[in-house]
Amino acid sequence: VARLLFVFLDGVGLGASDPTRNPFALGWPGLTEVAGVDWTAAAWSEASQDQRVRRGLDARLGTPGIPQSATGQTTLLTGRNAVAVMGRHYGPWPGPTLRTLLAHGSLFSDARSSGGACLANAYPAAYRDALAAAQRPDLQRQRSSRRWRPSAPVVAALHAGLPLADVAALVAGEAVAADLHGAALLQRRGDAEPPSGAALGPEAQAEALLRLAQRHAFTFFDVWGTDRAGHAQDVESARGFVARLERFLLRLVGQLPADVTLVVTSDHGNLEDLSSPRHTLAPVPLLAIGPHAHAFGAARSLLDVAPAARRVIATP
Ligand SMILES: [Zn+2]
């Protein structure tokens, strides 16, 4: 089985070389080592080597307006142009139309029948409870809670019959924290101190993710902290998140098993331009590393990611 590990970075575009606006322009030797070039628009050359492909993807999907997460992520997960279906960019959470599109088939449901699929994120109990309550019309208050609406990957994974991992799975090293560390999820659970044996930090998260990737044909990890940091426009915390991302990706690529192909991409720009709290029109980076990286060699837009991913997953 050819295995695909999809690391989804929410809201990461290729931006200016100005480090006061773009935290990626600060100079990150580890990120440069992983990609072969700096993660800025000026440096990011497209390349298609044997085991490493680098592309810049158009996130606008042929429709004017600022790209949004629900339509972008649905497109990445289905290969259908969700913006064309909706008539506009839409997000951050999928509504009925996009949920139907995701229920119809996604990379998760494809992979279930050929080697297994996994949504690697750990979710807090309150989130899992709110999703369960949303199925019940008598609990209107939870239903209207914006905070706990399911994201496109969660909708797709649930429709494919996959479980959502909890914080206990994170402690056991069988799920991964979206903050690339883990402490925030444990605090939310009420742990004053991490349970003994819980491996926290970017390197531990990378290693846990690699263990999941070796057990499934398709493993998806939703890193939404990048988009949150972009909206917050806090230069120091944005740089802190990029520093964690660097450590995480260095370990991930350094220990990538021979049968796992890694693809890293995004749904739209945001974090690369801290001068604005909004998403951007910037192209997003696509980086593929591993034995089937070449499947992504011709990708030009978000639309091209799912077909390439399907070719990898379907490889015997
Ligand atoms: Zn956003």
# chains A, B, ... in the order shown; residues from 1 in each chain; ligands from 1

call {"tool": "residues_around", "arguments": {"residues": "Ala122 (chain A)", "least_positions_apart": "6", "cutoff": "6 Å", "atoms": "only C-alpha atoms", "output": "mmCIF file with C-alpha atoms, in the first residue's frame"}}
result
data_model
loop_
_atom_site.group_PDB
_atom_site.id
_atom_site.type_symbol
_atom_site.label_atom_id
_atom_site.label_comp_id
_atom_site.auth_asym_id
_atom_site.auth_seq_id
_atom_site.Cartn_x
_atom_site.Cartn_y
_atom_site.Cartn_z
ATOM 1 C CA ALA A 165 -9.748 10.986 18.735
ATOM 2 C CA ASP A 166 -9.925 12.392 22.245
ATOM 3 C CA VAL A 167 -7.349 13.812 24.626
ATOM 4 C CA LEU A 170 -3.204 12.313 22.617
ATOM 5 C CA ALA A 175 -3.496 11.368 18.222
ATOM 6 C CA VAL A 176 -1.891 14.725 17.533
ATOM 7 C CA ALA A 177 -2.484 18.250 18.868
#

call {"tool": "select_by_dssp", "arguments": {"residues": "region 48-184 of chain A", "states": "strand (DSSP E or B)", "output": "PyMOL selection string"}}
result
chain A and resi 48+52-58+117-119+121-122+165+176

call {"tool": "select_by_dssp", "arguments": {"residues": "region 79-166 of chain A", "states": "helix (DSSP H, G or I)", "output": "count of residues only"}}
result
45

call {"tool": "residues_near_ligand", "arguments": {"ligand": "ligand 1", "cutoff": "9 Å", "atoms": "only C-alpha atoms and all ligand atoms", "output": "ChimeraX atom specification"}}
result
/A:10-11,68-69,91-92,224,226-228,230-231,268-270,277-279

call {"tool": "write_last_selection", "arguments": {"atoms": "C-alpha atoms", "output": "compact mmCIF listing (two decimals), in the first residue's frame"}}
result
# COMPACT_ATOMS: atom_id res chain seq x y z
CA ASP A 10 -4.84 26.41 7.50
CA GLY A 11 -4.26 29.92 6.16
CA GLN A 68 -12.46 30.98 2.78
CA SER A 69 -11.84 27.79 4.72
CA GLY A 91 -16.50 29.73 5.58
CA PRO A 92 -15.11 29.02 8.02
CA TRP A 224 -5.62 25.26 12.20
CA THR A 226 -1.69 28.90 11.57
CA ASP A 227 -4.96 30.56 10.46
CA ARG A 228 -5.80 31.59 14.02
CA GLY A 230 -2.93 35.08 11.11
CA HIS A 231 -6.27 36.48 12.25
CA HIS A 268 -5.76 30.14 1.43
CA GLY A 269 -3.32 32.80 2.54
CA ASN A 270 -3.50 34.59 5.88
CA PRO A 277 -6.49 40.23 9.83
CA ARG A 278 -8.13 38.85 6.70
CA HIS A 279 -7.37 35.98 4.37

call {"tool": "residues_around", "arguments": {"residues": "region 156-161 of chain A", "least_positions_apart": "3", "cutoff": "8 Å", "atoms": "only C-alpha atoms", "output": "short mmCIF file (atom, residue, chain, number, x, y, z; two decimals) with all heavy atoms, in the first residue's frame"}}
result
data_model
loop_
_atom_site.label_atom_id
_atom_site.label_comp_id
_atom_site.auth_asym_id
_atom_site.auth_seq_id
_atom_site.Cartn_x
_atom_site.Cartn_y
_atom_site.Cartn_z
N LEU A 77 -10.48 18.26 -0.08
CA LEU A 77 -10.85 16.91 0.39
C LEU A 77 -11.69 16.14 -0.61
O LEU A 77 -11.80 14.91 -0.51
CB LEU A 77 -11.62 17.01 1.71
CG LEU A 77 -10.76 17.36 2.93
CD1 LEU A 77 -11.64 17.80 4.10
CD2 LEU A 77 -9.90 16.16 3.33
N ARG A 99 -21.70 20.35 3.43
CA ARG A 99 -21.75 19.09 4.18
C ARG A 99 -22.24 17.96 3.29
O ARG A 99 -21.75 16.84 3.36
CB ARG A 99 -22.63 19.24 5.43
CG ARG A 99 -21.88 19.86 6.59
CD ARG A 99 -22.69 19.82 7.88
NE ARG A 99 -23.00 21.18 8.29
CZ ARG A 99 -24.16 21.59 8.80
NH1 ARG A 99 -25.14 20.73 8.97
NH2 ARG A 99 -24.33 22.83 9.14
N LEU A 102 -19.37 16.93 1.06
CA LEU A 102 -18.39 16.14 1.81
C LEU A 102 -18.92 14.74 2.13
O LEU A 102 -18.16 13.77 2.15
CB LEU A 102 -18.01 16.87 3.11
CG LEU A 102 -17.19 18.14 2.91
CD1 LEU A 102 -17.27 19.04 4.15
CD2 LEU A 102 -15.73 17.80 2.61
N ALA A 103 -20.23 14.65 2.36
CA ALA A 103 -20.83 13.35 2.68
C ALA A 103 -20.83 12.44 1.46
O ALA A 103 -20.82 11.21 1.58
CB ALA A 103 -22.26 13.55 3.17
N GLY A 105 -18.51 11.96 -0.67
CA GLY A 105 -17.26 11.25 -0.93
C GLY A 105 -16.10 12.20 -0.72
O GLY A 105 -16.16 13.37 -1.09
N SER A 106 -15.06 11.68 -0.07
CA SER A 106 -13.88 12.51 0.23
C SER A 106 -12.68 11.57 0.25
O SER A 106 -12.81 10.36 0.12
CB SER A 106 -14.03 13.18 1.59
OG SER A 106 -13.95 12.21 2.62
N PHE A 108 -11.15 10.71 2.76
CA PHE A 108 -11.34 9.78 3.88
C PHE A 108 -12.13 8.54 3.43
O PHE A 108 -11.74 7.41 3.72
CB PHE A 108 -12.09 10.46 5.03
CG PHE A 108 -11.29 11.49 5.76
CD1 PHE A 108 -11.56 12.84 5.59
CD2 PHE A 108 -10.26 11.12 6.63
CE1 PHE A 108 -10.83 13.81 6.27
CE2 PHE A 108 -9.53 12.08 7.31
CZ PHE A 108 -9.81 13.43 7.13
N SER A 109 -13.27 8.77 2.75
CA SER A 109 -14.08 7.61 2.37
C SER A 109 -13.37 6.78 1.29
O SER A 109 -13.47 5.56 1.29
CB SER A 109 -15.48 8.05 1.91
OG SER A 109 -15.40 9.08 0.95
N ARG A 112 -10.80 4.58 3.04
CA ARG A 112 -11.33 3.55 3.94
C ARG A 112 -11.34 2.19 3.27
O ARG A 112 -11.12 1.16 3.90
CB ARG A 112 -12.75 3.90 4.37
CG ARG A 112 -12.79 4.74 5.61
CD ARG A 112 -13.99 4.41 6.45
NE ARG A 112 -13.73 3.31 7.36
CZ ARG A 112 -14.61 2.86 8.24
NH1 ARG A 112 -15.80 3.40 8.30
NH2 ARG A 112 -14.31 1.86 9.03
N CYS A 118 -7.51 8.03 8.51
CA CYS A 118 -7.37 8.51 9.87
C CYS A 118 -7.37 10.04 9.88
O CYS A 118 -6.63 10.66 9.13
CB CYS A 118 -6.05 7.97 10.45
SG CYS A 118 -5.60 8.66 12.04
N LEU A 119 -8.21 10.62 10.72
CA LEU A 119 -8.10 12.04 11.06
C LEU A 119 -7.28 12.09 12.35
O LEU A 119 -7.73 11.60 13.39
CB LEU A 119 -9.48 12.67 11.24
CG LEU A 119 -9.51 14.14 11.68
CD1 LEU A 119 -8.72 15.04 10.74
CD2 LEU A 119 -10.96 14.63 11.79
N ALA A 152 -14.66 21.27 7.94
CA ALA A 152 -14.80 20.39 6.77
C ALA A 152 -14.12 19.03 6.98
O ALA A 152 -14.72 17.99 6.68
CB ALA A 152 -14.28 21.09 5.52
N PRO A 153 -12.89 18.98 7.52
CA PRO A 153 -12.29 17.65 7.72
C PRO A 153 -13.07 16.79 8.71
O PRO A 153 -13.18 15.57 8.52
CB PRO A 153 -10.89 17.98 8.28
CG PRO A 153 -10.60 19.36 7.82
CD PRO A 153 -11.93 20.07 7.78
N LEU A 164 -13.52 10.36 16.04
CA LEU A 164 -12.70 11.52 16.40
C LEU A 164 -11.90 11.14 17.65
O LEU A 164 -12.48 10.71 18.64
CB LEU A 164 -13.57 12.73 16.72
CG LEU A 164 -14.36 13.38 15.59
CD1 LEU A 164 -14.97 14.69 16.08
CD2 LEU A 164 -13.50 13.62 14.36
#

call {"tool": "closest_residue", "arguments": {"among": "A:Gly197, A:Gly79, A:Pro124, A:Pro23", "to": "Ala309 (chain A)", "atoms": "only C-alpha atoms"}}
result
A:Gly79

call {"tool": "atom_distance", "arguments": {"atom1": "CA of Ser45 (chain A)", "atom2": "CA of Gly297 (chain A)"}}
result
12.8 Å

call {"tool": "closest_residue", "arguments": {"among": "A:Thr75, A:Ser17, A:Asn121, A:Thr32", "to": "Ala169 (chain A)", "atoms": "only C-alpha atoms"}}
result
A:Asn121

call {"tool": "residues_around", "arguments": {"residues": "Ala238 (chain A)", "least_positions_apart": "2", "cutoff": "9 Å", "atoms": "only C-alpha atoms", "output": "ChimeraX atom specification"}}
result
/A:23,226,229-230,232-236,240-243,271,274

call {"tool": "residues_around", "arguments": {"residues": "Trp28 (chain A)", "least_positions_apart": "6", "cutoff": "12 Å", "atoms": "only C-alpha atoms", "output": "JSON, numbers by chain"}}
result
{"A": [19, 34, 35, 36, 37, 38, 39, 40, 239, 240, 242, 243, 244, 245, 246, 247, 249, 250]}

call {"tool": "closest_residue", "arguments": {"among": "A:Ala168, A:Met86, A:Arg300, A:Ala59", "to": "Asp191 (chain A)", "atoms": "only C-alpha atoms"}}
result
A:Ala168

call {"tool": "residues_around", "arguments": {"residues": "Phe6 (chain A)", "least_positions_apart": "3", "cutoff": "10 Å", "atoms": "only C-alpha atoms", "output": "list in words"}}
result
Arg3, Leu9, Leu119, Ala120, Ala213, Phe218, Thr219, Phe220, Phe221, Asp222, Thr261, Leu262, Val263, Val264, Thr265, Ala288 and Ala309 of chain A

call {"tool": "residues_around", "arguments": {"residues": "Ala198 (chain A)", "least_positions_apart": "4", "cutoff": "8 Å", "atoms": "only C-alpha atoms", "output": "PDB file with C-alpha atoms, in the first residue's frame"}}
result
ATOM      1  CA  LEU A 170      -3.204  12.313  22.617  1.00  0.00           C
ATOM      2  CA  VAL A 171      -1.727  11.274  25.972  1.00  0.00           C
ATOM      3  CA  ALA A 172      -1.256   7.749  24.620  1.00  0.00           C
ATOM      4  CA  GLY A 173       0.579   9.075  21.539  1.00  0.00           C
ATOM      5  CA  PRO A 194       0.753  16.541  31.954  1.00  0.00           C
TER       6      PRO A 194
END

call {"tool": "atom_distance", "arguments": {"atom1": "CA of Leu131 (chain A)", "atom2": "CA of Arg188 (chain A)"}}
result
17.2 Å

call {"tool": "closest_residue", "arguments": {"among": "A:Leu186, A:Leu286, A:Leu31, A:Ala84", "to": "Gly56 (chain A)", "atoms": "only C-alpha atoms"}}
result
A:Leu286

call {"tool": "closest_residue", "arguments": {"among": "A:Ala217, A:Val1, A:Ala82, A:Leu180", "to": "Gln205 (chain A)", "atoms": "only C-alpha atoms"}}
result
A:Leu180

call {"tool": "atom_distance", "arguments": {"atom1": "CA of Asn22 (chain A)", "atom2": "CA of Pro67 (chain A)"}}
result
18.7 Å
